[in-house]
Structures are given as structure tokens and as C-alpha cells.
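Pasted below: coords.cif, mmCIF, N, CA and C atoms.
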data_coords
#
loop_
_atom_site.label_atom_id
_atom_site.label_comp_id
_atom_site.auth_asym_id
_atom_site.auth_seq_id
_atom_site.Cartn_x
_atom_site.Cartn_y
_atom_site.Cartn_z
N MET A 1 9.61 69.77 27.14
CA MET A 1 9.37 69.23 25.81
C MET A 1 7.88 68.94 25.62
N GLU A 2 7.24 68.54 26.70
CA GLU A 2 5.82 68.23 26.61
C GLU A 2 5.00 69.45 26.22
N SER A 3 5.33 70.60 26.79
CA SER A 3 4.58 71.82 26.47
C SER A 3 4.87 72.27 25.03
N LEU A 4 6.06 72.03 24.54
CA LEU A 4 6.37 72.35 23.15
C LEU A 4 5.60 71.45 22.19
N LEU A 5 5.45 70.18 22.56
CA LEU A 5 4.64 69.27 21.75
C LEU A 5 3.17 69.70 21.77
N ASP A 6 2.70 70.16 22.93
CA ASP A 6 1.32 70.64 23.02
C ASP A 6 1.09 71.84 22.11
N GLU A 7 2.09 72.69 22.01
CA GLU A 7 1.99 73.85 21.11
C GLU A 7 1.90 73.38 19.66
N ALA A 8 2.73 72.42 19.29
CA ALA A 8 2.68 71.88 17.93
C ALA A 8 1.34 71.21 17.68
N LYS A 9 0.87 70.44 18.64
CA LYS A 9 -0.43 69.77 18.50
C LYS A 9 -1.54 70.78 18.29
N GLY A 10 -1.50 71.87 19.04
CA GLY A 10 -2.52 72.91 18.89
C GLY A 10 -2.55 73.48 17.48
N GLY A 11 -1.38 73.71 16.90
CA GLY A 11 -1.31 74.21 15.53
C GLY A 11 -1.86 73.23 14.52
N ILE A 12 -1.57 71.97 14.73
CA ILE A 12 -2.06 70.92 13.82
C ILE A 12 -3.58 70.80 13.93
N VAL A 13 -4.08 70.74 15.17
CA VAL A 13 -5.52 70.59 15.38
C VAL A 13 -6.27 71.78 14.81
N GLU A 14 -5.77 72.97 15.02
CA GLU A 14 -6.45 74.15 14.49
C GLU A 14 -6.44 74.14 12.97
N GLY A 15 -5.32 73.79 12.38
CA GLY A 15 -5.23 73.75 10.92
C GLY A 15 -6.08 72.66 10.29
N ALA A 16 -6.29 71.57 11.03
CA ALA A 16 -7.05 70.43 10.51
C ALA A 16 -8.51 70.45 10.95
N ARG A 17 -8.90 71.43 11.73
CA ARG A 17 -10.23 71.46 12.34
C ARG A 17 -11.36 71.23 11.35
N THR A 18 -11.37 71.93 10.23
CA THR A 18 -12.47 71.82 9.28
C THR A 18 -12.54 70.43 8.67
N TRP A 19 -11.39 69.87 8.27
CA TRP A 19 -11.41 68.52 7.69
C TRP A 19 -11.83 67.50 8.74
N LEU A 20 -11.28 67.61 9.95
CA LEU A 20 -11.64 66.66 11.00
C LEU A 20 -13.10 66.76 11.40
N ALA A 21 -13.68 67.94 11.27
CA ALA A 21 -15.09 68.14 11.62
C ALA A 21 -16.03 67.77 10.47
N CYS A 22 -15.47 67.27 9.38
CA CYS A 22 -16.25 66.86 8.21
C CYS A 22 -17.02 68.03 7.61
N GLU A 23 -16.41 69.18 7.61
CA GLU A 23 -17.00 70.38 7.02
C GLU A 23 -16.32 70.66 5.69
N GLY A 24 -17.06 71.25 4.77
CA GLY A 24 -16.50 71.65 3.49
C GLY A 24 -16.19 70.46 2.60
N ASP A 25 -15.56 70.76 1.48
CA ASP A 25 -15.16 69.74 0.52
C ASP A 25 -14.02 68.91 1.10
N ALA A 26 -14.16 67.60 1.06
CA ALA A 26 -13.19 66.71 1.70
C ALA A 26 -11.77 66.93 1.17
N VAL A 27 -11.62 66.98 -0.14
CA VAL A 27 -10.28 67.10 -0.74
C VAL A 27 -9.67 68.46 -0.42
N THR A 28 -10.43 69.50 -0.61
CA THR A 28 -9.92 70.85 -0.33
C THR A 28 -9.53 71.00 1.13
N GLU A 29 -10.38 70.51 2.02
CA GLU A 29 -10.09 70.64 3.45
C GLU A 29 -8.93 69.75 3.88
N LEU A 30 -8.78 68.58 3.24
CA LEU A 30 -7.61 67.76 3.54
C LEU A 30 -6.34 68.49 3.10
N GLN A 31 -6.38 69.11 1.95
CA GLN A 31 -5.22 69.87 1.49
C GLN A 31 -4.88 70.99 2.47
N ASN A 32 -5.88 71.71 2.94
CA ASN A 32 -5.65 72.77 3.92
C ASN A 32 -5.08 72.20 5.22
N SER A 33 -5.62 71.06 5.63
CA SER A 33 -5.17 70.40 6.85
C SER A 33 -3.70 70.00 6.74
N LEU A 34 -3.35 69.37 5.64
CA LEU A 34 -1.97 68.92 5.48
C LEU A 34 -1.01 70.09 5.29
N ARG A 35 -1.48 71.17 4.71
CA ARG A 35 -0.65 72.38 4.61
C ARG A 35 -0.32 72.88 6.03
N ALA A 36 -1.31 72.85 6.92
CA ALA A 36 -1.08 73.26 8.30
C ALA A 36 -0.10 72.31 9.00
N VAL A 37 -0.23 71.01 8.76
CA VAL A 37 0.69 70.03 9.34
C VAL A 37 2.12 70.32 8.89
N VAL A 38 2.30 70.59 7.62
CA VAL A 38 3.64 70.89 7.11
C VAL A 38 4.16 72.20 7.69
N ASP A 39 3.31 73.20 7.80
CA ASP A 39 3.72 74.47 8.40
C ASP A 39 4.18 74.26 9.84
N VAL A 40 3.42 73.50 10.60
CA VAL A 40 3.80 73.22 11.99
C VAL A 40 5.10 72.42 12.03
N GLY A 41 5.22 71.43 11.15
CA GLY A 41 6.45 70.66 11.08
C GLY A 41 7.65 71.51 10.75
N PHE A 42 7.48 72.45 9.83
CA PHE A 42 8.56 73.36 9.45
C PHE A 42 8.98 74.20 10.65
N GLU A 43 7.99 74.69 11.38
CA GLU A 43 8.27 75.56 12.54
C GLU A 43 8.83 74.78 13.73
N HIS A 44 8.33 73.58 13.96
CA HIS A 44 8.68 72.82 15.16
C HIS A 44 9.47 71.54 14.86
N GLY A 45 10.04 71.43 13.68
CA GLY A 45 10.73 70.20 13.29
C GLY A 45 11.84 69.78 14.22
N THR A 46 12.61 70.73 14.70
CA THR A 46 13.72 70.37 15.59
C THR A 46 13.20 69.84 16.93
N ILE A 47 12.08 70.37 17.39
CA ILE A 47 11.47 69.87 18.63
C ILE A 47 10.95 68.46 18.41
N LEU A 48 10.26 68.24 17.28
CA LEU A 48 9.75 66.91 16.98
C LEU A 48 10.89 65.89 16.93
N LYS A 49 11.98 66.28 16.30
CA LYS A 49 13.15 65.39 16.19
C LYS A 49 13.75 65.13 17.57
N ALA A 50 13.89 66.18 18.36
CA ALA A 50 14.48 66.02 19.69
C ALA A 50 13.65 65.08 20.57
N VAL A 51 12.34 65.24 20.55
CA VAL A 51 11.48 64.38 21.36
C VAL A 51 11.51 62.95 20.83
N SER A 52 11.41 62.81 19.52
CA SER A 52 11.45 61.48 18.91
C SER A 52 12.75 60.76 19.24
N ASP A 53 13.86 61.45 19.10
CA ASP A 53 15.16 60.86 19.41
C ASP A 53 15.29 60.51 20.89
N ALA A 54 14.87 61.42 21.75
CA ALA A 54 14.99 61.19 23.20
C ALA A 54 14.05 60.09 23.67
N ALA A 55 12.94 59.91 22.97
CA ALA A 55 11.96 58.89 23.37
C ALA A 55 12.55 57.49 23.31
N THR A 56 13.57 57.29 22.52
CA THR A 56 14.18 55.96 22.43
C THR A 56 15.03 55.65 23.66
N ARG A 57 15.35 56.69 24.44
CA ARG A 57 16.22 56.51 25.61
C ARG A 57 15.55 56.87 26.94
N ASP A 58 14.34 57.42 26.87
CA ASP A 58 13.67 57.90 28.08
C ASP A 58 12.22 57.41 28.08
N GLU A 59 11.89 56.56 29.03
CA GLU A 59 10.56 55.94 29.05
C GLU A 59 9.44 56.98 29.16
N ARG A 60 9.65 58.01 29.97
CA ARG A 60 8.63 59.06 30.11
C ARG A 60 8.40 59.78 28.78
N LEU A 61 9.48 60.14 28.11
CA LEU A 61 9.34 60.81 26.82
C LEU A 61 8.77 59.88 25.76
N GLU A 62 9.05 58.60 25.87
CA GLU A 62 8.46 57.64 24.94
C GLU A 62 6.94 57.66 25.06
N ILE A 63 6.44 57.72 26.28
CA ILE A 63 5.00 57.79 26.51
C ILE A 63 4.44 59.10 25.99
N VAL A 64 5.13 60.20 26.25
CA VAL A 64 4.69 61.52 25.77
C VAL A 64 4.64 61.52 24.25
N TRP A 65 5.67 61.00 23.60
CA TRP A 65 5.74 60.98 22.13
C TRP A 65 4.63 60.12 21.55
N GLU A 66 4.46 58.93 22.11
CA GLU A 66 3.42 58.04 21.60
C GLU A 66 2.03 58.62 21.85
N THR A 67 1.83 59.28 22.97
CA THR A 67 0.54 59.92 23.25
C THR A 67 0.28 61.03 22.24
N PHE A 68 1.31 61.80 21.94
CA PHE A 68 1.19 62.87 20.94
C PHE A 68 0.78 62.28 19.59
N LEU A 69 1.50 61.26 19.14
CA LEU A 69 1.20 60.67 17.84
C LEU A 69 -0.18 60.02 17.82
N SER A 70 -0.48 59.23 18.84
CA SER A 70 -1.75 58.50 18.83
C SER A 70 -2.95 59.40 19.02
N SER A 71 -2.75 60.61 19.51
CA SER A 71 -3.89 61.53 19.69
C SER A 71 -4.54 61.86 18.35
N PHE A 72 -3.81 61.69 17.27
CA PHE A 72 -4.36 61.98 15.94
C PHE A 72 -5.01 60.75 15.29
N ASP A 73 -4.67 59.57 15.77
CA ASP A 73 -5.15 58.35 15.12
C ASP A 73 -6.67 58.20 15.15
N HIS A 74 -7.26 58.44 16.30
CA HIS A 74 -8.72 58.24 16.42
C HIS A 74 -9.50 59.30 15.64
N VAL A 75 -9.05 60.53 15.66
CA VAL A 75 -9.81 61.58 14.94
C VAL A 75 -9.68 61.41 13.44
N VAL A 76 -8.50 61.02 12.97
CA VAL A 76 -8.34 60.77 11.53
C VAL A 76 -9.14 59.53 11.14
N SER A 77 -9.12 58.51 11.97
CA SER A 77 -9.89 57.31 11.70
C SER A 77 -11.39 57.62 11.62
N ALA A 78 -11.87 58.47 12.50
CA ALA A 78 -13.30 58.86 12.46
C ALA A 78 -13.63 59.58 11.16
N ARG A 79 -12.73 60.44 10.70
CA ARG A 79 -12.98 61.14 9.43
C ARG A 79 -12.99 60.15 8.28
N ILE A 80 -12.06 59.21 8.29
CA ILE A 80 -12.02 58.19 7.23
C ILE A 80 -13.33 57.41 7.22
N GLU A 81 -13.80 57.00 8.39
CA GLU A 81 -15.06 56.25 8.47
C GLU A 81 -16.23 57.06 7.93
N HIS A 82 -16.25 58.35 8.23
CA HIS A 82 -17.29 59.24 7.69
C HIS A 82 -17.25 59.23 6.17
N ASP A 83 -16.07 59.36 5.62
CA ASP A 83 -15.93 59.38 4.16
C ASP A 83 -16.23 58.02 3.54
N GLN A 84 -15.92 56.95 4.25
CA GLN A 84 -16.28 55.62 3.76
C GLN A 84 -17.81 55.47 3.71
N GLN A 85 -18.49 55.95 4.74
CA GLN A 85 -19.95 55.87 4.77
C GLN A 85 -20.58 56.69 3.64
N ASN A 86 -19.90 57.75 3.23
CA ASN A 86 -20.41 58.59 2.14
C ASN A 86 -19.91 58.15 0.77
N GLY A 87 -19.16 57.06 0.72
CA GLY A 87 -18.74 56.48 -0.54
C GLY A 87 -17.64 57.21 -1.27
N ILE A 88 -16.91 58.09 -0.57
CA ILE A 88 -15.82 58.80 -1.25
C ILE A 88 -14.45 58.25 -0.89
N THR A 89 -14.43 57.31 0.05
CA THR A 89 -13.20 56.64 0.45
C THR A 89 -13.45 55.14 0.42
N PRO A 90 -12.52 54.36 -0.13
CA PRO A 90 -12.72 52.91 -0.20
C PRO A 90 -12.78 52.29 1.20
N GLU A 91 -13.29 51.08 1.24
CA GLU A 91 -13.37 50.34 2.50
C GLU A 91 -12.00 49.74 2.83
N PHE A 92 -11.52 50.01 4.01
CA PHE A 92 -10.33 49.40 4.59
C PHE A 92 -10.37 49.70 6.07
N ASN A 93 -9.45 49.14 6.83
CA ASN A 93 -9.41 49.37 8.26
C ASN A 93 -8.96 50.80 8.51
N SER A 94 -9.91 51.64 8.89
CA SER A 94 -9.64 53.07 9.02
C SER A 94 -8.59 53.38 10.09
N PHE A 95 -8.62 52.67 11.20
CA PHE A 95 -7.70 52.99 12.28
C PHE A 95 -6.26 52.70 11.89
N HIS A 96 -6.02 51.54 11.29
CA HIS A 96 -4.64 51.19 10.93
C HIS A 96 -4.11 52.08 9.81
N VAL A 97 -4.95 52.45 8.88
CA VAL A 97 -4.52 53.36 7.82
C VAL A 97 -4.26 54.75 8.40
N ALA A 98 -5.13 55.21 9.29
CA ALA A 98 -4.91 56.51 9.94
C ALA A 98 -3.56 56.51 10.67
N ARG A 99 -3.31 55.45 11.41
CA ARG A 99 -2.03 55.35 12.14
C ARG A 99 -0.86 55.37 11.16
N ALA A 100 -0.96 54.63 10.07
CA ALA A 100 0.13 54.60 9.09
C ALA A 100 0.37 55.99 8.49
N LEU A 101 -0.72 56.66 8.10
CA LEU A 101 -0.58 58.00 7.52
C LEU A 101 0.01 58.99 8.52
N ASN A 102 -0.44 58.92 9.75
CA ASN A 102 0.07 59.85 10.77
C ASN A 102 1.54 59.59 11.08
N ARG A 103 1.94 58.31 11.16
CA ARG A 103 3.34 58.00 11.44
C ARG A 103 4.22 58.38 10.25
N MET A 104 3.68 58.22 9.04
CA MET A 104 4.42 58.64 7.85
C MET A 104 4.67 60.16 7.93
N ASP A 105 3.61 60.91 8.25
CA ASP A 105 3.77 62.36 8.37
C ASP A 105 4.86 62.72 9.36
N ALA A 106 4.81 62.10 10.54
CA ALA A 106 5.80 62.42 11.58
C ALA A 106 7.21 62.13 11.08
N ALA A 107 7.40 60.97 10.47
CA ALA A 107 8.74 60.61 9.98
C ALA A 107 9.23 61.57 8.91
N ILE A 108 8.35 61.91 7.99
CA ILE A 108 8.74 62.83 6.91
C ILE A 108 9.05 64.21 7.46
N LEU A 109 8.21 64.71 8.36
CA LEU A 109 8.44 66.04 8.92
C LEU A 109 9.74 66.10 9.71
N ILE A 110 10.03 65.05 10.46
CA ILE A 110 11.28 65.01 11.23
C ILE A 110 12.47 64.99 10.28
N LYS A 111 12.40 64.17 9.26
CA LYS A 111 13.51 64.08 8.29
C LYS A 111 13.68 65.39 7.52
N ALA A 112 12.57 66.00 7.12
CA ALA A 112 12.63 67.20 6.29
C ALA A 112 12.96 68.47 7.07
N PHE A 113 12.49 68.54 8.31
CA PHE A 113 12.58 69.81 9.05
C PHE A 113 13.25 69.69 10.42
N GLY A 114 13.84 68.54 10.72
CA GLY A 114 14.42 68.31 12.04
C GLY A 114 15.82 68.84 12.22
N THR A 115 16.38 69.43 11.19
CA THR A 115 17.72 70.01 11.27
C THR A 115 17.67 71.43 10.72
N PRO A 116 18.71 72.20 10.94
CA PRO A 116 18.72 73.57 10.39
C PRO A 116 18.64 73.61 8.86
N ASN A 117 19.11 72.57 8.19
CA ASN A 117 19.04 72.50 6.72
C ASN A 117 17.71 71.88 6.32
N LYS A 118 16.68 72.71 6.28
CA LYS A 118 15.33 72.21 6.03
C LYS A 118 15.06 72.01 4.55
N ASP A 119 14.24 71.00 4.28
CA ASP A 119 13.79 70.74 2.91
C ASP A 119 12.79 71.80 2.48
N ASP A 120 12.49 71.82 1.20
CA ASP A 120 11.50 72.73 0.65
C ASP A 120 10.10 72.34 1.12
N LYS A 121 9.39 73.28 1.73
CA LYS A 121 8.05 72.98 2.26
C LYS A 121 7.09 72.52 1.19
N ASP A 122 7.12 73.14 0.03
CA ASP A 122 6.18 72.76 -1.04
C ASP A 122 6.42 71.34 -1.53
N ALA A 123 7.68 70.94 -1.62
CA ALA A 123 7.99 69.58 -2.06
C ALA A 123 7.52 68.55 -1.03
N VAL A 124 7.70 68.87 0.24
CA VAL A 124 7.25 67.97 1.30
C VAL A 124 5.73 67.88 1.29
N LEU A 125 5.07 69.01 1.18
CA LEU A 125 3.60 69.03 1.12
C LEU A 125 3.09 68.23 -0.06
N SER A 126 3.71 68.40 -1.21
CA SER A 126 3.29 67.68 -2.41
C SER A 126 3.40 66.17 -2.21
N ALA A 127 4.47 65.71 -1.60
CA ALA A 127 4.66 64.28 -1.38
C ALA A 127 3.62 63.73 -0.41
N ILE A 128 3.41 64.43 0.68
CA ILE A 128 2.43 63.98 1.68
C ILE A 128 1.03 63.99 1.08
N LEU A 129 0.70 65.04 0.36
CA LEU A 129 -0.63 65.13 -0.27
C LEU A 129 -0.87 63.96 -1.22
N ARG A 130 0.12 63.65 -2.01
CA ARG A 130 -0.03 62.56 -2.99
C ARG A 130 -0.40 61.26 -2.29
N VAL A 131 0.26 60.95 -1.19
CA VAL A 131 -0.01 59.70 -0.48
C VAL A 131 -1.39 59.73 0.17
N TRP A 132 -1.71 60.82 0.87
CA TRP A 132 -3.02 60.91 1.52
C TRP A 132 -4.16 60.89 0.50
N LEU A 133 -4.04 61.68 -0.55
CA LEU A 133 -5.13 61.76 -1.54
C LEU A 133 -5.32 60.44 -2.27
N SER A 134 -4.23 59.80 -2.66
CA SER A 134 -4.39 58.54 -3.38
C SER A 134 -4.89 57.43 -2.47
N THR A 135 -4.66 57.55 -1.18
CA THR A 135 -5.15 56.56 -0.23
C THR A 135 -6.62 56.80 0.11
N LEU A 136 -6.96 58.04 0.43
CA LEU A 136 -8.31 58.33 0.92
C LEU A 136 -9.32 58.65 -0.17
N TYR A 137 -8.88 59.29 -1.23
CA TYR A 137 -9.81 59.73 -2.27
C TYR A 137 -9.35 59.30 -3.66
N PRO A 138 -9.11 58.00 -3.85
CA PRO A 138 -8.55 57.54 -5.12
C PRO A 138 -9.55 57.57 -6.27
N PHE A 139 -10.81 57.74 -5.97
CA PHE A 139 -11.81 57.73 -7.03
C PHE A 139 -11.64 58.92 -7.96
N ASP A 140 -11.03 59.99 -7.42
CA ASP A 140 -10.77 61.17 -8.23
C ASP A 140 -9.41 61.75 -7.85
N ALA A 141 -8.44 60.88 -7.66
CA ALA A 141 -7.13 61.31 -7.17
C ALA A 141 -6.43 62.25 -8.14
N ARG A 142 -6.55 62.00 -9.45
CA ARG A 142 -5.88 62.90 -10.40
C ARG A 142 -6.42 64.31 -10.29
N ALA A 143 -7.72 64.46 -10.18
CA ALA A 143 -8.32 65.79 -10.04
C ALA A 143 -7.88 66.41 -8.72
N ALA A 144 -7.83 65.60 -7.67
CA ALA A 144 -7.42 66.12 -6.36
C ALA A 144 -5.97 66.60 -6.40
N ILE A 145 -5.10 65.85 -7.03
CA ILE A 145 -3.69 66.24 -7.11
C ILE A 145 -3.54 67.49 -7.97
N GLN A 146 -4.37 67.64 -9.00
CA GLN A 146 -4.34 68.84 -9.82
C GLN A 146 -4.72 70.07 -9.00
N LEU A 147 -5.65 69.92 -8.05
CA LEU A 147 -6.02 71.04 -7.19
C LEU A 147 -4.82 71.57 -6.43
N ASN A 148 -3.92 70.67 -6.04
CA ASN A 148 -2.74 71.06 -5.32
C ASN A 148 -1.81 71.95 -6.14
N LYS A 149 -1.85 71.81 -7.45
CA LYS A 149 -0.97 72.60 -8.31
C LYS A 149 -1.50 74.01 -8.53
N GLY A 150 -2.77 74.22 -8.22
CA GLY A 150 -3.40 75.50 -8.46
C GLY A 150 -3.18 76.53 -7.43
#
For the structure just supplied, provide its representation as C-alpha cells.
Amino acid sequence: MESLLDEAKGGIVEGARTWLACEGDAVTELQNSLRAVVDVGFEHGTILKAVSDAATRDERLEIVWETFLSSFDHVVSARIEHDQQNGITPEFNSFHVARALNRMDAAILIKAFGTPNKDDKDAVLSAILRVWLSTLYPFDARAAIQLNKG
């Protein structure tokens, strides 16, 4: 299960690379990043669900699952801090918000894609985007959400 999580992590990191590296337009790159997260969730949702479920009963898997989730917290927090310094993201505790957004993503992806009856990827992406954009880039959230429709 650990190697399957590593594969999922690799897909997420590659898809989010530009946004995490603070390259390109923040909103556009966040949209690309979250599209990659949803794609990985769609592909690996049953694995994510299996590990998440098993983590409640197996201490080793609990550590693996928490390590997987928390591996994104610091890099997302660093990006938020970068955007806060540039005045495009409001001031708040970047680490706790990053953790909340990442845990929200995991829960939504597991619920939407953790069974053979998967939800619509576009609807899931739209919901996740709305929360991330309104949290991180609320100064122009309506314009950012409109970009998603294009």
C-alpha cells in the first residue's frame, strides 16, 4: 500500500509542481494543480480509501497515511506564505489552512472516487476549486472561478 501511495503522491507532486514552485500565474497554476489532484484521486481513489480505512485499525498504516497527507502541508503552506508576501492572499495561519485544505481534498477524493461508482470529475474539481480559490485568492475570486468555466 505504501508504494501505491508513493505513486499517487508522485502524480500529485508532478501536477502541482509549477504552482508549488511559485511559477506562472497563481490562479491558473492552482487550477492546473488541483486538476492533477482530482485526476490522481480519480485513478487511485480506491487505494486512498483502502489506506485511509485501514489506518484506523493498523498503527503502521496510520503513520504511513498521516505521513502521506502531511507531506503536502509544508509545501502548500510555503506557497501560501509566498502569496501572502506578494499581497495576493490574505493574512492567516498558512500551515493550519494548508492542512485544512489538504485534508478536505483527501476526504472529498475518497468519498467521490473511493468506490467503483465514481462521481463526476468535473463536479468534484469545481467544488474543490471554489474552496481553494475563495480561501487563497479572494481578492479576485469571481474572476478566478470564471477561469474554471473556460
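Restricting the calculation to all atoms listed in the file, the smallest distance between Leu101 (chain A) and any of A:Leu125, A:Gly24, A:Val64, A:Val131 is found for A:Val131.
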Starting from the point (-10.4, 73.1, 8.5), work out which residues of protein, DNA or RNA have an atom no more than 10 Å away when counting only C-alpha atoms; state them as a PDB file with N, CA and C atoms, in the coordinates of the input.
ATOM      1  N   VAL A  13      -4.080  70.740  15.170  1.00  0.00           N
ATOM      2  CA  VAL A  13      -5.520  70.590  15.380  1.00  0.00           C
ATOM      3  C   VAL A  13      -6.270  71.780  14.810  1.00  0.00           C
ATOM      4  N   GLU A  14      -5.770  72.970  15.020  1.00  0.00           N
ATOM      5  CA  GLU A  14      -6.450  74.150  14.490  1.00  0.00           C
ATOM      6  C   GLU A  14      -6.440  74.140  12.970  1.00  0.00           C
ATOM      7  N   GLY A  15      -5.320  73.790  12.380  1.00  0.00           N
ATOM      8  CA  GLY A  15      -5.230  73.750  10.920  1.00  0.00           C
ATOM      9  C   GLY A  15      -6.080  72.660  10.290  1.00  0.00           C
ATOM     10  N   ALA A  16      -6.290  71.570  11.030  1.00  0.00           N
ATOM     11  CA  ALA A  16      -7.050  70.430  10.510  1.00  0.00           C
ATOM     12  C   ALA A  16      -8.510  70.450  10.950  1.00  0.00           C
ATOM     13  N   ARG A  17      -8.900  71.430  11.730  1.00  0.00           N
ATOM     14  CA  ARG A  17     -10.230  71.460  12.340  1.00  0.00           C
ATOM     15  C   ARG A  17     -11.360  71.230  11.350  1.00  0.00           C
ATOM     16  N   THR A  18     -11.370  71.930  10.230  1.00  0.00           N
ATOM     17  CA  THR A  18     -12.470  71.820   9.280  1.00  0.00           C
ATOM     18  C   THR A  18     -12.540  70.430   8.670  1.00  0.00           C
ATOM     19  N   TRP A  19     -11.390  69.870   8.270  1.00  0.00           N
ATOM     20  CA  TRP A  19     -11.410  68.520   7.690  1.00  0.00           C
ATOM     21  C   TRP A  19     -11.830  67.500   8.740  1.00  0.00           C
ATOM     22  N   LEU A  20     -11.280  67.610   9.950  1.00  0.00           N
ATOM     23  CA  LEU A  20     -11.640  66.660  11.000  1.00  0.00           C
ATOM     24  C   LEU A  20     -13.100  66.760  11.400  1.00  0.00           C
ATOM     25  N   ALA A  21     -13.680  67.940  11.270  1.00  0.00           N
ATOM     26  CA  ALA A  21     -15.090  68.140  11.620  1.00  0.00           C
ATOM     27  C   ALA A  21     -16.030  67.770  10.470  1.00  0.00           C
ATOM     28  N   CYS A  22     -15.470  67.270   9.380  1.00  0.00           N
ATOM     29  CA  CYS A  22     -16.250  66.860   8.210  1.00  0.00           C
ATOM     30  C   CYS A  22     -17.020  68.030   7.610  1.00  0.00           C
ATOM     31  N   GLU A  23     -16.410  69.180   7.610  1.00  0.00           N
ATOM     32  CA  GLU A  23     -17.000  70.380   7.020  1.00  0.00           C
ATOM     33  C   GLU A  23     -16.320  70.660   5.690  1.00  0.00           C
ATOM     34  N   GLY A  24     -17.060  71.250   4.770  1.00  0.00           N
ATOM     35  CA  GLY A  24     -16.500  71.650   3.490  1.00  0.00           C
ATOM     36  C   GLY A  24     -16.190  70.460   2.600  1.00  0.00           C
ATOM     37  N   ASP A  25     -15.560  70.760   1.480  1.00  0.00           N
ATOM     38  CA  ASP A  25     -15.160  69.740   0.520  1.00  0.00           C
ATOM     39  C   ASP A  25     -14.020  68.910   1.100  1.00  0.00           C
ATOM     40  N   ALA A  26     -14.160  67.600   1.060  1.00  0.00           N
ATOM     41  CA  ALA A  26     -13.190  66.710   1.700  1.00  0.00           C
ATOM     42  C   ALA A  26     -11.770  66.930   1.170  1.00  0.00           C
ATOM     43  N   THR A  28     -10.430  69.500  -0.610  1.00  0.00           N
ATOM     44  CA  THR A  28      -9.920  70.850  -0.330  1.00  0.00           C
ATOM     45  C   THR A  28      -9.530  71.000   1.130  1.00  0.00           C
ATOM     46  N   GLU A  29     -10.380  70.510   2.020  1.00  0.00           N
ATOM     47  CA  GLU A  29     -10.090  70.640   3.450  1.00  0.00           C
ATOM     48  C   GLU A  29      -8.930  69.750   3.880  1.00  0.00           C
ATOM     49  N   LEU A  30      -8.780  68.580   3.240  1.00  0.00           N
ATOM     50  CA  LEU A  30      -7.610  67.760   3.540  1.00  0.00           C
ATOM     51  C   LEU A  30      -6.340  68.490   3.100  1.00  0.00           C
ATOM     52  N   GLN A  31      -6.380  69.110   1.950  1.00  0.00           N
ATOM     53  CA  GLN A  31      -5.220  69.870   1.490  1.00  0.00           C
ATOM     54  C   GLN A  31      -4.880  70.990   2.470  1.00  0.00           C
ATOM     55  N   ASN A  32      -5.880  71.710   2.940  1.00  0.00           N
ATOM     56  CA  ASN A  32      -5.650  72.770   3.920  1.00  0.00           C
ATOM     57  C   ASN A  32      -5.080  72.200   5.220  1.00  0.00           C
ATOM     58  N   SER A  33      -5.620  71.060   5.630  1.00  0.00           N
ATOM     59  CA  SER A  33      -5.170  70.400   6.850  1.00  0.00           C
ATOM     60  C   SER A  33      -3.700  70.000   6.740  1.00  0.00           C
ATOM     61  N   LEU A  34      -3.350  69.370   5.640  1.00  0.00           N
ATOM     62  CA  LEU A  34      -1.970  68.920   5.480  1.00  0.00           C
ATOM     63  C   LEU A  34      -1.010  70.090   5.290  1.00  0.00           C
ATOM     64  N   ALA A  36      -1.310  72.850   6.920  1.00  0.00           N
ATOM     65  CA  ALA A  36      -1.080  73.260   8.300  1.00  0.00           C
ATOM     66  C   ALA A  36      -0.100  72.310   9.000  1.00  0.00           C
TER      67      ALA A  36
END
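Rounded to one decimal, CA of Ile108 (chain A) and atom C of Ala55 (chain A) lie 17.7 Å from each other.
Minimum distance to Phe42 (chain A) across A:Phe95, A:Phe113, A:Tyr137, A:Trp132 (counting all atoms listed in the file) occurs at A:Phe113.
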With DSSP run on the backbone, what are the alpha helix (DSSP H) residues within region 10-134 of chain A? I'd like them as number ranges by chain.
A: 10-20, 26-55, 59-70, 73-85, 94-113, 121-134
Could you tell me, as JSON, numbers by chain, exactly which residues end up selected when the PyMOL selection byres (((chain A and resi 81 and name CA) around 12) and name CA) is applied to this structure?
{"A": [20, 22, 74, 75, 76, 77, 78, 79, 80, 82, 83, 84, 85, 86, 87, 88, 89, 90, 91, 92, 93, 94, 95, 96, 97, 98, 136]}
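Counting only C-alpha atoms, the residue from A:Asn117, A:Ala123, A:Ser52, A:Arg103 that sits nearest to Glu2 (chain A) is A:Ser52.
Put simply, CA of Phe68 (chain A) is 21.5 Å away from atom C of Ala127 (chain A).
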Hits of the PyMOL selection byres (((chain A and resi 43 and name CA) around 12) and name CA) in this structure, as a PyMOL selection string
chain A and resi 4-5+7-8+11-12+36-42+44-49+109-110+112-116+118+121
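Here the question is which of A:Asp6, A:Asp119, A:Glu62, A:Asp73 gets nearest to Ala100 (chain A) using only N, CA and C atoms, and that residue is A:Asp73.
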What is the CA of Leu129 (chain A)-CA of Arg35 (chain A) distance in Å, reported with one decimal?
8.7 Å
